[in-house]
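Shown next: target23.tsv, given as TSV, C-alpha atoms and all ligand atoms.
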chain	number	residue	atom	x	y	z
A	9	MET	CA	14.32	-74.37	66.82
A	10	VAL	CA	11.39	-72.75	65.15
A	11	SER	CA	9.73	-70.07	67.20
A	12	ALA	CA	6.10	-70.55	68.05
A	13	ASN	CA	5.58	-66.82	67.78
A	14	THR	CA	2.82	-66.14	65.26
A	15	GLU	CA	2.54	-62.43	65.98
A	16	LEU	CA	2.72	-60.52	62.72
A	17	THR	CA	2.75	-56.98	64.07
A	18	TYR	CA	4.27	-55.11	66.98
A	19	ASN	CA	3.10	-56.43	70.33
A	20	SER	CA	4.29	-54.55	73.41
A	21	LYS	CA	3.68	-57.60	75.62
A	22	ILE	CA	6.35	-59.50	73.74
A	23	GLU	CA	8.83	-56.74	72.76
A	24	GLY	CA	8.33	-54.30	75.61
A	25	ASP	CA	8.20	-50.51	74.94
A	26	VAL	CA	10.41	-50.73	71.91
A	27	ILE	CA	9.61	-49.47	68.45
A	28	VAL	CA	11.90	-50.07	65.55
A	29	SER	CA	12.07	-47.35	62.92
A	30	ARG	CA	14.53	-45.40	60.82
A	31	ALA	CA	16.39	-42.53	62.50
A	32	ASP	CA	15.48	-40.24	59.59
A	33	SER	CA	11.78	-40.77	59.97
A	34	VAL	CA	11.84	-40.27	63.74
A	35	ILE	CA	13.94	-37.10	63.55
A	36	ASN	CA	11.91	-35.72	60.66
A	37	TRP	CA	8.64	-36.63	62.38
A	38	ILE	CA	9.73	-34.61	65.41
A	39	ARG	CA	11.10	-31.70	63.38
A	40	SER	CA	8.21	-31.34	61.00
A	41	ASN	CA	5.56	-31.36	63.71
A	42	SER	CA	7.14	-28.74	65.92
A	43	MET	CA	8.30	-26.02	63.58
A	44	TRP	CA	8.59	-22.90	65.66
A	45	PRO	CA	8.24	-19.83	63.44
A	46	MET	CA	10.32	-16.69	63.57
A	47	PRO	CA	7.68	-14.14	62.54
A	48	MET	CA	9.43	-11.56	60.33
A	49	GLY	CA	6.29	-9.43	60.07
A	50	LEU	CA	7.45	-6.46	58.03
A	51	ALA	CA	4.29	-5.17	56.34
A	52	CYS	CA	0.64	-5.92	55.60
A	53	CYS	CA	1.22	-9.68	55.11
A	54	ALA	CA	1.96	-9.87	58.82
A	55	ILE	CA	-1.74	-9.25	59.47
A	56	GLU	CA	-2.57	-12.45	57.57
A	57	LEU	CA	0.20	-14.22	59.48
A	58	MET	CA	-1.54	-13.17	62.69
A	59	ALA	CA	-4.85	-14.38	61.32
A	60	THR	CA	-3.22	-17.72	60.52
A	61	ALA	CA	-2.16	-18.01	64.13
A	62	ALA	CA	-5.55	-17.02	65.53
A	63	SER	CA	-8.44	-19.34	66.33
A	64	ARG	CA	-10.22	-19.57	62.96
A	65	PHE	CA	-7.24	-20.89	61.02
A	66	ASP	CA	-5.27	-22.09	64.03
A	67	ILE	CA	-1.74	-22.88	62.89
A	68	ALA	CA	-1.42	-24.87	66.15
A	69	ARG	CA	-3.08	-27.77	64.31
A	70	PHE	CA	0.24	-28.16	62.51
A	71	GLY	CA	2.46	-27.63	65.53
A	72	ALA	CA	3.70	-24.21	64.45
A	73	GLU	CA	1.87	-21.94	66.84
A	74	VAL	CA	4.83	-21.02	69.02
A	75	MET	CA	5.91	-17.74	67.45
A	76	ARG	CA	9.38	-17.12	68.82
A	77	PHE	CA	10.71	-13.60	68.93
A	78	SER	CA	14.18	-14.91	69.57
A	79	PRO	CA	15.96	-16.37	66.54
A	80	LYS	CA	17.77	-18.83	68.83
A	81	GLN	CA	14.52	-20.65	69.55
A	82	SER	CA	12.99	-20.74	66.09
A	83	ASP	CA	13.15	-23.17	63.19
A	84	VAL	CA	11.33	-21.50	60.32
A	85	MET	CA	11.53	-17.83	59.42
A	86	ILE	CA	8.27	-16.63	57.89
A	87	VAL	CA	9.13	-13.47	55.97
A	88	ALA	CA	5.75	-11.75	55.87
A	89	GLY	CA	6.01	-8.39	54.20
A	90	THR	CA	8.06	-5.90	52.26
A	91	VAL	CA	11.79	-6.15	52.90
A	92	THR	CA	13.52	-2.82	52.36
A	93	TYR	CA	17.22	-2.74	51.63
A	94	LYS	CA	17.69	-1.03	54.97
A	95	MET	CA	15.98	-3.94	56.74
A	96	SER	CA	17.62	-6.64	54.64
A	97	SER	CA	20.90	-6.69	56.59
A	98	ALA	CA	18.99	-7.08	59.87
A	99	LEU	CA	16.96	-9.88	58.31
A	100	ARG	CA	20.10	-11.71	57.24
A	101	ARG	CA	21.62	-11.30	60.70
A	102	ILE	CA	18.50	-12.73	62.34
A	103	TYR	CA	18.63	-15.65	59.90
A	104	ASP	CA	22.29	-16.19	60.81
A	105	GLN	CA	21.39	-16.28	64.50
A	106	MET	CA	18.83	-19.06	64.02
A	107	ALA	CA	20.15	-22.48	65.01
A	108	GLU	CA	20.43	-25.23	62.39
A	109	PRO	CA	18.35	-26.80	60.99
A	110	LYS	CA	16.43	-23.78	59.72
A	111	TRP	CA	14.01	-23.02	56.93
A	112	VAL	CA	12.50	-19.93	55.32
A	113	ILE	CA	9.03	-19.29	53.96
A	114	ALA	CA	8.71	-16.22	51.71
A	115	MET	CA	5.13	-15.15	52.28
A	116	GLY	CA	3.50	-12.92	49.69
A	117	ALA	CA	4.53	-11.11	46.54
A	118	CYS	CA	6.82	-8.67	48.33
A	119	ALA	CA	8.91	-11.24	50.14
A	120	SER	CA	9.07	-13.49	47.07
A	121	THR	CA	9.94	-10.89	44.42
A	122	GLY	CA	9.68	-7.36	45.76
A	123	GLY	CA	6.06	-7.37	44.62
A	124	MET	CA	4.61	-4.11	43.46
A	125	TYR	CA	7.54	-2.24	44.97
A	126	ARG	CA	9.76	-2.21	41.92
A	127	SER	CA	11.79	0.51	43.52
A	128	TYR	CA	15.13	1.83	44.66
A	129	ALA	CA	14.37	1.03	48.29
A	130	VAL	CA	12.96	-2.52	48.29
A	131	LEU	CA	14.86	-5.81	48.12
A	132	GLN	CA	13.67	-7.55	44.94
A	133	GLY	CA	12.93	-10.88	46.58
A	134	VAL	CA	14.18	-12.12	49.91
A	135	ASP	CA	15.92	-15.03	48.15
A	136	ARG	CA	18.60	-12.52	47.21
A	137	ILE	CA	19.72	-12.52	50.82
A	138	VAL	CA	18.57	-15.79	52.47
A	139	PRO	CA	17.82	-19.25	51.00
A	140	VAL	CA	14.06	-19.73	50.62
A	141	ASP	CA	12.31	-23.11	50.91
A	142	VAL	CA	8.71	-22.24	50.05
A	143	TYR	CA	7.29	-19.24	48.22
A	144	VAL	CA	3.66	-18.22	48.76
A	145	SER	CA	1.91	-16.17	46.09
A	146	GLY	CA	-0.69	-13.56	46.89
A	147	CYS	CA	-0.92	-9.97	48.02
A	148	PRO	CA	-1.57	-10.85	50.76
A	149	PRO	CA	-1.89	-14.65	50.63
A	150	ARG	CA	-4.90	-16.06	52.44
A	151	PRO	CA	-4.16	-17.87	55.71
A	152	GLU	CA	-4.99	-21.17	53.98
A	153	ALA	CA	-2.16	-20.47	51.54
A	154	LEU	CA	0.28	-20.00	54.38
A	155	LEU	CA	-0.94	-23.22	56.00
A	156	ASP	CA	-0.45	-24.93	52.65
A	157	ALA	CA	3.10	-23.58	52.54
A	158	LEU	CA	3.72	-24.93	56.01
A	159	ILE	CA	2.41	-28.37	54.99
A	160	LYS	CA	4.62	-28.28	51.89
A	161	LEU	CA	7.58	-27.42	54.08
A	162	GLN	CA	6.71	-30.30	56.42
A	163	GLU	CA	6.69	-32.64	53.43
A	164	LYS	CA	10.05	-31.29	52.38
A	165	VAL	CA	11.49	-31.76	55.87
A	166	LYS	CA	10.18	-35.35	55.94
A	167	ARG	CA	12.28	-36.13	52.85
A	168	GLU	CA	15.53	-34.76	54.29
A	169	PRO	CA	18.40	-37.16	55.17
A	170	SER	CA	18.50	-35.74	58.69
A	171	ALA	CA	20.36	-38.52	60.49
A	172	GLY	CA	23.11	-38.57	57.90
A	173	LYS	CA	23.56	-34.83	58.26
A	174	LEU	CA	23.52	-35.04	62.05
A	175	PHE	CA	26.17	-37.73	62.40
A	176	SER	CA	28.42	-36.95	59.43
A	177	ALA	CA	29.16	-33.35	60.35
B	16	MET	CA	-12.11	37.73	56.50
B	17	PRO	CA	-10.72	34.26	57.29
B	18	ALA	CA	-7.79	34.09	59.66
B	19	ALA	CA	-5.43	32.92	56.91
B	20	LEU	CA	-5.94	35.97	54.69
B	21	ASP	CA	-5.54	38.29	57.68
B	22	ALA	CA	-2.31	36.62	58.63
B	23	ILE	CA	-0.98	36.75	55.09
B	24	ALA	CA	-1.78	40.45	54.76
B	25	ALA	CA	0.02	41.09	58.04
B	26	VAL	CA	3.22	39.21	57.14
B	27	LYS	CA	3.28	40.78	53.68
B	28	GLY	CA	3.08	44.21	55.29
B	29	ARG	CA	5.92	43.43	57.64
B	30	TRP	CA	8.41	41.62	55.34
B	31	ALA	CA	8.88	43.19	51.96
B	32	GLY	CA	10.20	39.94	50.42
B	33	VAL	CA	6.98	38.02	51.10
B	34	THR	CA	4.81	37.65	48.00
B	35	ASP	CA	1.55	35.91	47.10
B	36	ARG	CA	1.87	32.45	45.62
B	37	ALA	CA	-0.57	30.91	43.14
B	38	SER	CA	-2.65	28.28	44.90
B	39	LEU	CA	-5.74	26.28	44.12
B	40	ASP	CA	-6.74	25.65	47.71
B	41	HIS	CA	-5.21	27.27	50.76
B	42	PRO	CA	-3.76	30.78	50.76
B	43	ALA	CA	-0.04	30.60	50.06
B	44	VAL	CA	3.01	32.86	50.21
B	45	ASN	CA	6.55	32.84	48.89
B	46	VAL	CA	9.09	33.75	51.53
B	47	PRO	CA	12.83	34.39	51.07
B	48	ALA	CA	14.86	31.80	52.97
B	49	SER	CA	16.42	34.53	55.10
B	50	ASP	CA	13.00	35.56	56.50
B	51	LEU	CA	11.58	32.04	56.72
B	52	VAL	CA	11.93	31.42	60.45
B	53	ALA	CA	10.76	34.92	61.34
B	54	VAL	CA	7.65	34.57	59.17
B	55	LEU	CA	6.84	31.13	60.56
B	56	ARG	CA	7.33	32.45	64.10
B	57	SER	CA	4.99	35.33	63.42
B	58	LEU	CA	2.36	32.98	61.97
B	59	LYS	CA	2.69	30.73	64.99
B	60	GLU	CA	2.86	33.26	67.78
B	61	GLU	CA	0.85	36.22	66.49
B	62	HIS	CA	-1.71	34.62	64.18
B	63	GLY	CA	-2.52	31.35	65.88
B	64	PHE	CA	-1.05	28.98	63.28
B	65	ASP	CA	0.18	26.76	66.04
B	66	MET	CA	0.43	23.44	64.26
B	67	LEU	CA	3.03	22.43	61.68
B	68	VAL	CA	1.30	19.88	59.48
B	69	ASP	CA	3.91	19.14	56.89
B	70	VAL	CA	7.37	20.00	55.58
B	71	SER	CA	8.26	18.85	52.13
B	72	GLY	CA	10.29	19.77	49.08
B	73	VAL	CA	9.95	20.25	45.33
B	74	ASP	CA	12.60	19.67	42.68
B	75	TRP	CA	11.41	21.71	39.70
B	76	SER	CA	13.94	20.28	37.24
B	77	VAL	CA	17.67	19.85	36.79
B	78	ARG	CA	17.86	23.04	34.76
B	79	ALA	CA	15.37	25.15	36.75
B	80	ASN	CA	16.57	28.09	38.77
B	81	PRO	CA	15.77	28.11	41.61
B	82	ARG	CA	15.74	24.35	41.49
B	83	PHE	CA	14.54	23.44	44.98
B	84	THR	CA	11.63	24.80	46.99
B	85	VAL	CA	10.76	23.85	50.56
B	86	VAL	CA	7.06	23.88	51.37
B	87	TYR	CA	5.47	24.18	54.83
B	88	HIS	CA	1.83	23.76	55.72
B	89	VAL	CA	0.75	25.37	58.97
B	90	PHE	CA	-2.69	24.99	60.53
B	91	SER	CA	-4.51	27.13	63.05
B	92	THR	CA	-6.27	25.04	65.66
B	93	VAL	CA	-8.10	28.25	66.68
B	94	GLY	CA	-9.17	29.56	63.27
B	95	HIS	CA	-9.32	26.11	61.58
B	96	ASP	CA	-7.46	27.34	58.55
B	97	TYR	CA	-4.30	26.44	56.63
B	98	VAL	CA	-1.51	28.59	55.21
B	99	ARG	CA	1.12	27.29	52.81
B	100	VAL	CA	4.59	28.81	53.04
B	101	ALA	CA	7.15	28.17	50.30
B	102	ALA	CA	10.83	29.10	50.35
B	103	ASP	CA	13.17	28.78	47.36
B	104	CYS	CA	16.71	27.51	47.94
B	105	ALA	CA	19.16	29.94	46.37
B	106	ASP	CA	21.96	27.50	45.55
B	107	ALA	CA	20.90	24.52	43.42
B	108	GLY	CA	24.23	22.77	44.08
B	109	ALA	CA	23.98	22.91	47.88
B	110	PRO	CA	20.37	23.77	48.69
B	111	GLU	CA	19.68	24.88	52.23
B	112	VAL	CA	17.10	26.69	54.33
B	113	PRO	CA	17.00	27.46	58.06
B	114	SER	CA	15.41	24.79	60.25
B	115	ALA	CA	12.02	25.26	61.90
B	116	THR	CA	12.82	22.83	64.73
B	117	GLY	CA	13.20	25.77	67.13
B	118	LEU	CA	9.51	26.60	66.59
B	119	TRP	CA	8.00	23.14	66.35
B	120	PRO	CA	9.91	20.10	67.65
B	121	GLY	CA	7.75	18.14	65.20
B	122	ALA	CA	9.65	19.69	62.30
B	123	ASP	CA	12.59	17.44	63.19
B	124	TRP	CA	11.63	14.26	61.32
B	125	HIS	CA	9.88	16.12	58.47
B	126	GLU	CA	13.11	17.98	57.79
B	127	ARG	CA	15.14	14.81	58.02
B	128	GLU	CA	12.87	13.22	55.44
B	129	THR	CA	13.13	16.23	53.13
B	130	TYR	CA	16.89	16.07	53.51
B	131	ASP	CA	16.90	12.33	52.84
B	132	MET	CA	14.80	12.57	49.68
B	133	PHE	CA	16.00	15.87	48.16
B	134	GLY	CA	19.33	16.61	49.83
B	135	ILE	CA	18.10	19.97	51.10
B	136	ARG	CA	20.05	20.86	54.24
B	137	PHE	CA	18.26	22.53	57.14
B	138	THR	CA	20.76	24.75	58.91
B	139	GLY	CA	20.46	24.65	62.68
B	140	HIS	CA	18.77	21.25	62.69
B	141	PRO	CA	19.94	19.37	65.83
B	142	ASP	CA	20.44	15.98	64.13
B	143	LEU	CA	20.22	16.11	60.35
B	144	ARG	CA	20.62	12.44	59.43
B	145	ARG	CA	18.81	10.38	56.82
B	146	ILE	CA	15.59	8.91	58.12
B	147	LEU	CA	14.29	6.46	55.48
B	148	MET	CA	17.37	5.36	53.55
B	149	TRP	CA	20.44	4.09	55.40
B	150	ASP	CA	23.07	6.61	56.50
B	151	GLU	CA	25.66	5.71	53.86
B	152	TYR	CA	23.21	5.89	50.93
B	153	PRO	CA	24.84	8.18	48.37
B	154	HIS	CA	21.81	9.44	46.39
B	155	PHE	CA	18.71	11.58	46.92
B	156	PRO	CA	15.87	9.52	45.45
B	157	LEU	CA	13.22	12.20	44.82
B	158	ARG	CA	15.51	14.43	42.80
B	159	LYS	CA	14.62	14.70	39.13
B	160	ASP	CA	17.98	13.31	38.01
B	161	PHE	CA	17.47	10.10	40.05
B	162	PRO	CA	16.10	7.39	37.74
B	163	LEU	CA	12.77	5.82	38.63
B	164	ALA	CA	14.40	2.37	38.62
B	165	GLY	CA	17.00	3.33	41.20
B	166	ILE	CA	20.78	3.11	41.06
B	167	GLU	CA	22.98	0.13	41.90
B	168	THR	CA	24.43	0.66	45.37
B	169	THR	CA	26.13	-1.44	48.02
B	170	LEU	CA	24.29	-2.33	51.22
B	171	PRO	CA	25.42	-0.83	54.52
B	172	ASP	CA	26.45	-4.07	56.28
B	173	ALA	CA	29.82	-5.21	54.87
B	174	GLU	CA	29.58	-8.67	56.45
B	175	VAL	CA	26.20	-9.34	54.91
B	176	VAL	CA	27.44	-8.09	51.55
B	177	ALA	CA	30.45	-10.42	51.73
B	178	GLU	CA	28.20	-13.35	52.68
B	179	THR	CA	25.40	-12.81	50.20
B	180	LYS	CA	27.21	-11.01	47.35
B	181	THR	CA	24.18	-8.83	46.86
B	182	GLY	CA	23.37	-5.15	46.86
B	183	ALA	CA	20.70	-2.66	45.95
B	184	ILE	CA	20.01	-3.10	42.23
B	185	ALA	CA	18.45	-0.91	39.59
B	186	ALA	CA	14.93	-2.28	39.19
B	187	PRO	CA	13.40	-1.00	35.97
B	188	MET	CA	9.71	-1.62	35.48
B	189	MET	CA	9.30	-3.79	32.43
B	190	GLY	CA	6.87	-1.95	30.22
B	191	GLY	CA	5.96	0.23	33.14
B	192	PRO	CA	4.99	2.34	34.84
B	193	PHE	CA	1.75	0.42	35.08
B	194	VAL	CA	-1.33	2.44	34.36
B	195	ALA	CA	-5.04	1.70	34.31
B	196	SER	CA	-7.04	2.10	31.09
B	197	PRO	CA	-9.55	4.87	31.67
B	198	GLY	CA	-13.00	4.44	30.17
B	199	GLU	CA	-12.67	0.66	29.96
B	200	ILE	CA	-15.86	-1.02	31.24
B	201	ASN	CA	-14.37	-4.51	31.47
B	202	LEU	CA	-12.52	-4.35	34.79
B	203	THR	CA	-10.15	-7.16	33.89
B	204	GLU	CA	-9.01	-5.11	30.90
B	205	ALA	CA	-8.99	-1.84	32.84
B	206	GLU	CA	-6.69	-2.86	35.65
B	207	PRO	CA	-3.15	-1.46	35.68
B	208	ARG	CA	-0.77	-3.37	33.44
B	209	ALA	CA	2.40	-2.87	31.42
B	210	LYS	CA	1.70	-1.06	28.18
B	211	ASP	CA	5.01	-1.83	26.51
B	212	GLU	CA	6.22	-5.40	26.65
B	213	SER	CA	8.94	-5.05	24.01
B	214	TRP	CA	11.68	-5.18	26.67
B	215	THR	CA	12.45	-7.20	29.77
B	216	GLU	CA	15.01	-7.27	32.55
B	217	ARG	CA	17.39	-9.15	30.27
B	218	ARG	CA	16.50	-7.55	26.93
B	219	PRO	CA	17.17	-3.79	27.08
B	220	LYS	CA	14.60	-1.22	26.13
B	221	PRO	CA	14.79	-0.51	22.39
B	222	GLY	CA	16.35	2.87	21.75
B	223	ALA	CA	17.21	3.50	25.39
C	301	LIG	S1	2.59	-8.92	49.30
C	301	LIG	FE1	0.94	-7.39	49.43
C	301	LIG	S2	0.01	-7.74	51.45
C	301	LIG	FE2	2.04	-8.71	51.46
C	301	LIG	S3	3.44	-7.20	52.29
C	301	LIG	FE3	3.47	-7.00	50.07
C	301	LIG	S4	1.97	-5.41	49.63
C	301	LIG	FE4	1.56	-6.14	51.70
Is it possible to express this structure as structure tokens?
Amino acid sequence: MVSANTELTYNSKIEGDVIVSRADSVINWIRSNSMWPMPMGLACCAIELMATAASRFDIARFGAEVMRFSPKQSDVMIVAGTVTYKMSSALRRIYDQMAEPKWVIAMGACASTGGMYRSYAVLQGVDRIVPVDVYVSGCPPRPEALLDALIKLQEKVKREPSAGKLFSA
Amino acid sequence: MPAALDAIAAVKGRWAGVTDRASLDHPAVNVPASDLVAVLRSLKEEHGFDMLVDVSGVDWSVRANPRFTVVYHVFSTVGHDYVRVAADCADAGAPEVPSATGLWPGADWHERETYDMFGIRFTGHPDLRRILMWDEYPHFPLRKDFPLAGIETTLPDAEVVAETKTGAIAAPMMGGPFVASPGEINLTEAEPRAKDESWTERRPKPGA
């Protein structure tokens, strides 16, 4: 028997509170819009990180305003500043304590490459010790640049095969 | 006569080893390491130089003798005047001077930093550990024989080293150090940049 239903789109009166979608897009939609940062504020870039969180630039518009000072509660580590070799082991340990899935933004010249500190004491790029997802240029980068990095990271997260990873492991 | 010159005349009269030291700004004296604490105490307690501003070191060169000098700046909050006190370390292989922590508790971290950077030991210091570099770091970075680029070294945390396979690397400045061009009106041209781009991280410096 041919159904008389001529509805072309979702109609809650017919289907109830049910939405059909792909697991990946739901999981990634949730993940990318609630990225809780771990603020690794290690030098001057941290001031711009604070500005990004404050009212003018308002990182809350992208769901990343909840700076967590506990690695257990955070999703994205924002390395904002100069990482000395002495600090690098602590940084790696904090990264290890973050729960999967986790991402890293290297904010500024220092975190990305060591910056102007071509020296015996400074880690020449935080990617030598943790995997980095997005690099932000600038010394320091403007808050807009950090927001752009966050948006890029959200786009990256939206492309991840999250469900497959969740259920295969 | 300013308080500083008075004080210097007095300590020179009392300790025969104390001599004038060439200085472009504040009055300065050379003091033998054996008299150092006594001279500093006299400056502090009898001449009003009650504030220790700075403790630092100088490495004159690998071949110089004496090689290391420790420099103190003391300030009088009464007379508003500075005196610089310098003490040579007799032994270039194991340089040491007595600690001033008994006079000023604030000397503690200054002396730790001087030890960290130059390897000058302060005898009688309550806790002479490195302060900037990690405890196991084997070099003294401000010595003249320490290369500007640094020396390859392992990191302190063995677990992190095993996990990341990384360490402190020598980081030579390609074409550096970067210097500004004086007298250049065009600021884009004048800003600090590498002058010698004939070598890179992967291509060694010609003739080096
Ligand atoms: S990149 Fe520049 S602003 Fe950022 S931490 Fe380094 S020196 Fe400071």
With a cut-off of 9 Å, could you pull out the residues of chain A touching chain B and give me the nearest pair of atoms for each, distance in Å to one decimal, using only C-alpha atoms, ordered by chain and ascending number, as a Markdown table?
| residue | atom | partner | partner_atom | distance |
| --- | --- | --- | --- | --- |
| A:Tyr93 | CA | B:Ala183 | CA | 6.7 |
| A:Lys94 | CA | B:Trp149 | CA | 5.8 |
| A:Ser96 | CA | B:Leu170 | CA | 8.6 |
| A:Ser97 | CA | B:Asp172 | CA | 6.1 |
| A:Ala98 | CA | B:Asp172 | CA | 8.8 |
| A:Arg100 | CA | B:Val175 | CA | 6.9 |
| A:Arg101 | CA | B:Val175 | CA | 7.6 |
| A:Arg126 | CA | B:Ala186 | CA | 5.8 |
| A:Ser127 | CA | B:Ala164 | CA | 5.9 |
| A:Tyr128 | CA | B:Gly165 | CA | 4.2 |
| A:Ala129 | CA | B:Met148 | CA | 7.4 |
| A:Val130 | CA | B:Ala183 | CA | 8.1 |
| A:Leu131 | CA | B:Ala183 | CA | 7.0 |
| A:Gln132 | CA | B:Ala186 | CA | 7.9 |
| A:Arg136 | CA | B:Thr181 | CA | 6.7 |
| A:Ile137 | CA | B:Thr179 | CA | 5.7 |
| A:Val138 | CA | B:Thr179 | CA | 7.8 |
Using all atoms listed in the file, list the residues that have an atom at most 7 Å from (3.0, -11.3, 50.0), coordinates as in the file, as a list in words.
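Collected hits near the coordinates: Cys53, Ala88, Gly89, Met115, Gly116, Ala117, Cys118, Ala119, Ser145, Gly146, Cys147, Pro148 and Pro149 of chain A.
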Taking (21.2, 16.1, 58.6) in the file's own coordinates, collect the residues within 12 Å, counting all atoms listed in the file, and hand them back as a CSV table (one decimal) with C-alpha atoms, in the coordinates of the input.
chain,number,residue,atom,x,y,z
B,111,GLU,CA,19.7,24.9,52.2
B,114,SER,CA,15.4,24.8,60.2
B,123,ASP,CA,12.6,17.4,63.2
B,124,TRP,CA,11.6,14.3,61.3
B,125,HIS,CA,9.9,16.1,58.5
B,126,GLU,CA,13.1,18.0,57.8
B,127,ARG,CA,15.1,14.8,58.0
B,128,GLU,CA,12.9,13.2,55.4
B,129,THR,CA,13.1,16.2,53.1
B,130,TYR,CA,16.9,16.1,53.5
B,131,ASP,CA,16.9,12.3,52.8
B,132,MET,CA,14.8,12.6,49.7
B,133,PHE,CA,16.0,15.9,48.2
B,134,GLY,CA,19.3,16.6,49.8
B,135,ILE,CA,18.1,20.0,51.1
B,136,ARG,CA,20.0,20.9,54.2
B,137,PHE,CA,18.3,22.5,57.1
B,138,THR,CA,20.8,24.8,58.9
B,139,GLY,CA,20.5,24.6,62.7
B,140,HIS,CA,18.8,21.2,62.7
B,141,PRO,CA,19.9,19.4,65.8
B,142,ASP,CA,20.4,16.0,64.1
B,143,LEU,CA,20.2,16.1,60.4
B,144,ARG,CA,20.6,12.4,59.4
B,145,ARG,CA,18.8,10.4,56.8
B,146,ILE,CA,15.6,8.9,58.1
B,150,ASP,CA,23.1,6.6,56.5
Produce the centre coordinates and the three edge lengths, each in Å to one decimal, of the box along x, y and z that contains all listed atoms of range 79-93 of chain A with 4 Å added on each side, as JSON.
{"center_x": 11.8, "center_y": -13.0, "center_z": 60.6, "size_x": 20.0, "size_y": 28.4, "size_z": 25.9}
Determine, counting only C-alpha atoms, which protein, DNA and RNA residues have an atom within 10 Å of an atom of range 68-70 of chain A; residues of the same chain fewer than 6 positions away are not included. Present the result as a PyMOL selection string.
chain A and resi 40-43+60-62+155+158-159+162
Give me, please, the distance in Å between CA of Lys160 in chain A and CA of Val142 in chain A, quoted to one decimal.
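Atom-to-atom, CA of Lys160 in chain A and CA of Val142 in chain A are spaced 7.5 Å apart.
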Atomic distance CA of Thr121 in chain A - CA of Tyr103 in chain A, expressed in Å with one decimal:
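Between CA of Thr121 in chain A and CA of Tyr103 in chain A the gap is 18.4 Å.
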Between CA of Pro139 in chain A and CA of Ala153 in chain A, what is the distance in Å, rounded to a tenth?
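Pair CA of Pro139 in chain A / CA of Ala153 in chain A returns 20.0 Å.
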Neighbour list for Arg82 in chain B as a PDB file with C-alpha atoms, in the coordinates of the input, cut-off 8 Å, only C-alpha atoms, skip fewer than 6 positions in-chain:
ATOM      1  CA  ASP B  74      12.600  19.670  42.680  1.00  0.00           C
ATOM      2  CA  TRP B  75      11.410  21.710  39.700  1.00  0.00           C
ATOM      3  CA  SER B  76      13.940  20.280  37.240  1.00  0.00           C
ATOM      4  CA  ASP B 103      13.170  28.780  47.360  1.00  0.00           C
ATOM      5  CA  CYS B 104      16.710  27.510  47.940  1.00  0.00           C
ATOM      6  CA  ALA B 107      20.900  24.520  43.420  1.00  0.00           C
TER       7      ALA B 107
END
Which of A:Gly133, A:Gly122, A:Pro79, A:Gly71 sits closest to ligand LIG 301 (chain C) [using all atoms listed in the file]:
A:Gly122
So that I can check the surroundings of Val100 in chain B, please list as a VMD selection string every protein, DNA and RNA residue that reaches within 8 Å of it, counting all atoms listed in the file and ignoring chain neighbours fewer than 5 positions away.
chain B and resid 43 to 46 86 to 89
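In terms of minimum interatomic distance to Leu157 in chain B, B:Phe83 ranks closest within B:Phe83, B:Thr203, B:Val70, B:Pro219, counting only C-alpha atoms.
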Have a look at A:Glu108, A:Glu56, A:Glu73, A:Glu168 and name the one nearest to ligand LIG 301 (chain C); count all atoms listed in the file.
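Selected residue with least distance to ligand LIG 301 (chain C): A:Glu56.
Proximity ranking of A:Ser170, A:Ser63, A:Thr90, A:Ser20 relative to ligand LIG 301 (chain C) places A:Thr90 first, based on only C-alpha atoms and all ligand atoms.
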Closest of A:Val84, A:Ile35, A:Leu154, A:Ile102 to ligand LIG 301 (chain C), counting only C-alpha atoms and all ligand atoms, is A:Leu154
